[in-house]
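Structure first, then comments.
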Amino acid sequence: QVQLVESGGGSVQAGGSLRLSCAASGYTWSSYCMGWFRQAPGKEREGVTTIHLGSNSTLYADSVRGRFTLSQDNAKNTLYLQMNSLKPEDTAMYYCAADFFSGGSCHAGSRYNSGHWGQGTQVTVSS
């Protein structure tokens with residue numbers, strides 16, 4: 001059974017940093033796509049970054065490119081999101097998602113609709 005557990009959220013001031021973690025279990029790490037998504041109150045869910053774990057191909061949303069960095073620890077089956085230079089508009093619930101890679105692109109956000117999701121971790125950035 002696939003399980004994703006996020007951690008690392010919190011409250012910071014603008015310009016600060018946070019590192020989110022997503023600990024995964026129940027599947028072969030390199031066979032999956034994974035991603036971080038976020039949803040602010042009253043807004044639609046937004047893709048932040050996605051990765052094909054086998055090839056390490058990574059894509060970032062324009063809004064976070066250059067500030068956020070995705071990394072993986074294969075030995076720990078954990079995905080990390082280092083978030084620097086945080087802005088108030090980064091405030092949202094952040095979710096980790098995974099989907100088995102059987103073809104197509106890991107960077108198509110819609111593929112995760114039928115995938116596995118964590119419970120989310122809240123990030124709040126104050127000005």
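How things are named: the first chain in the structure tokens is A, the next is B, and so on; residues count from 1 in each chain; ligands count from 1 in the order shown.
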
| said: Report as a list in words all protein, DNA and RNA residues lying within 9 Å of Gly120 of chain A, evaluated on only C-alpha atoms, omitting residues in the same chain fewer than 4 positions from it. | reply: Val5, Glu6, Ser7, Gly9, Arg38, Met93, Tyr94, Tyr95 and Cys96 of chain A

For N, CA and C atoms, I'd like the residues from the last selection saved as a PDB file, in the first residue's frame.
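That gives us result.pdb:
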```
ATOM      1  N   VAL A   5       3.921  10.630   3.417  1.00  0.00           N
ATOM      2  CA  VAL A   5       3.787  11.422   4.633  1.00  0.00           C
ATOM      3  C   VAL A   5       4.651  12.662   4.519  1.00  0.00           C
ATOM      4  N   GLU A   6       3.995  13.823   4.492  1.00  0.00           N
ATOM      5  CA  GLU A   6       4.714  15.087   4.394  1.00  0.00           C
ATOM      6  C   GLU A   6       5.038  15.633   5.782  1.00  0.00           C
ATOM      7  N   SER A   7       6.098  16.402   5.833  1.00  0.00           N
ATOM      8  CA  SER A   7       6.468  17.101   7.058  1.00  0.00           C
ATOM      9  C   SER A   7       7.316  18.306   6.699  1.00  0.00           C
ATOM     10  N   GLY A   9       6.454  21.663   7.200  1.00  0.00           N
ATOM     11  CA  GLY A   9       5.783  22.943   7.034  1.00  0.00           C
ATOM     12  C   GLY A   9       5.895  23.788   8.295  1.00  0.00           C
ATOM     13  N   ARG A  38       0.415  22.557  -4.403  1.00  0.00           N
ATOM     14  CA  ARG A  38      -0.041  23.403  -3.310  1.00  0.00           C
ATOM     15  C   ARG A  38      -1.414  23.975  -3.622  1.00  0.00           C
ATOM     16  N   MET A  93      -1.371  25.039   1.523  1.00  0.00           N
ATOM     17  CA  MET A  93      -1.166  23.653   1.966  1.00  0.00           C
ATOM     18  C   MET A  93      -0.382  22.970   0.850  1.00  0.00           C
ATOM     19  N   TYR A  94       0.705  22.341   1.218  1.00  0.00           N
ATOM     20  CA  TYR A  94       1.565  21.659   0.255  1.00  0.00           C
ATOM     21  C   TYR A  94       1.345  20.157   0.356  1.00  0.00           C
ATOM     22  N   TYR A  95       1.149  19.550  -0.804  1.00  0.00           N
ATOM     23  CA  TYR A  95       0.884  18.123  -0.888  1.00  0.00           C
ATOM     24  C   TYR A  95       1.946  17.428  -1.740  1.00  0.00           C
ATOM     25  N   CYS A  96       2.291  16.254  -1.317  1.00  0.00           N
ATOM     26  CA  CYS A  96       3.161  15.377  -2.082  1.00  0.00           C
ATOM     27  C   CYS A  96       2.279  14.363  -2.803  1.00  0.00           C
TER      28      CYS A  96
END
```

| field | Surrounding residues of segment 72-81 of chain A excluding itself and chain neighbours under 3 positions, 10 Å, only C-alpha atoms, as an MDAnalysis selection string | value | chainID A and resid 4:8 18:30 34:36 48:49 51 53:54 56 68:69 84 96

| Out of chain A, which residues get strand (DSSP E or B) from DSSP, as a PyMOL selection string? | chain A and resi 3-7+10-13+18-25+32-39+46-52+57-60+65+68-73+78-83+92-100+116-117+121-126

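Here atom CA of Cys106 of chain A and atom CA of Cys33 of chain A stand 5.3 Å from one another.
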
| request: Can you work out which one of A:Gln1, A:Ser71, A:Thr91, A:Ser85 has the shortest atom-to-atom distance to Thr50 of chain A, counting only C-alpha atoms? | output: A:Ser71
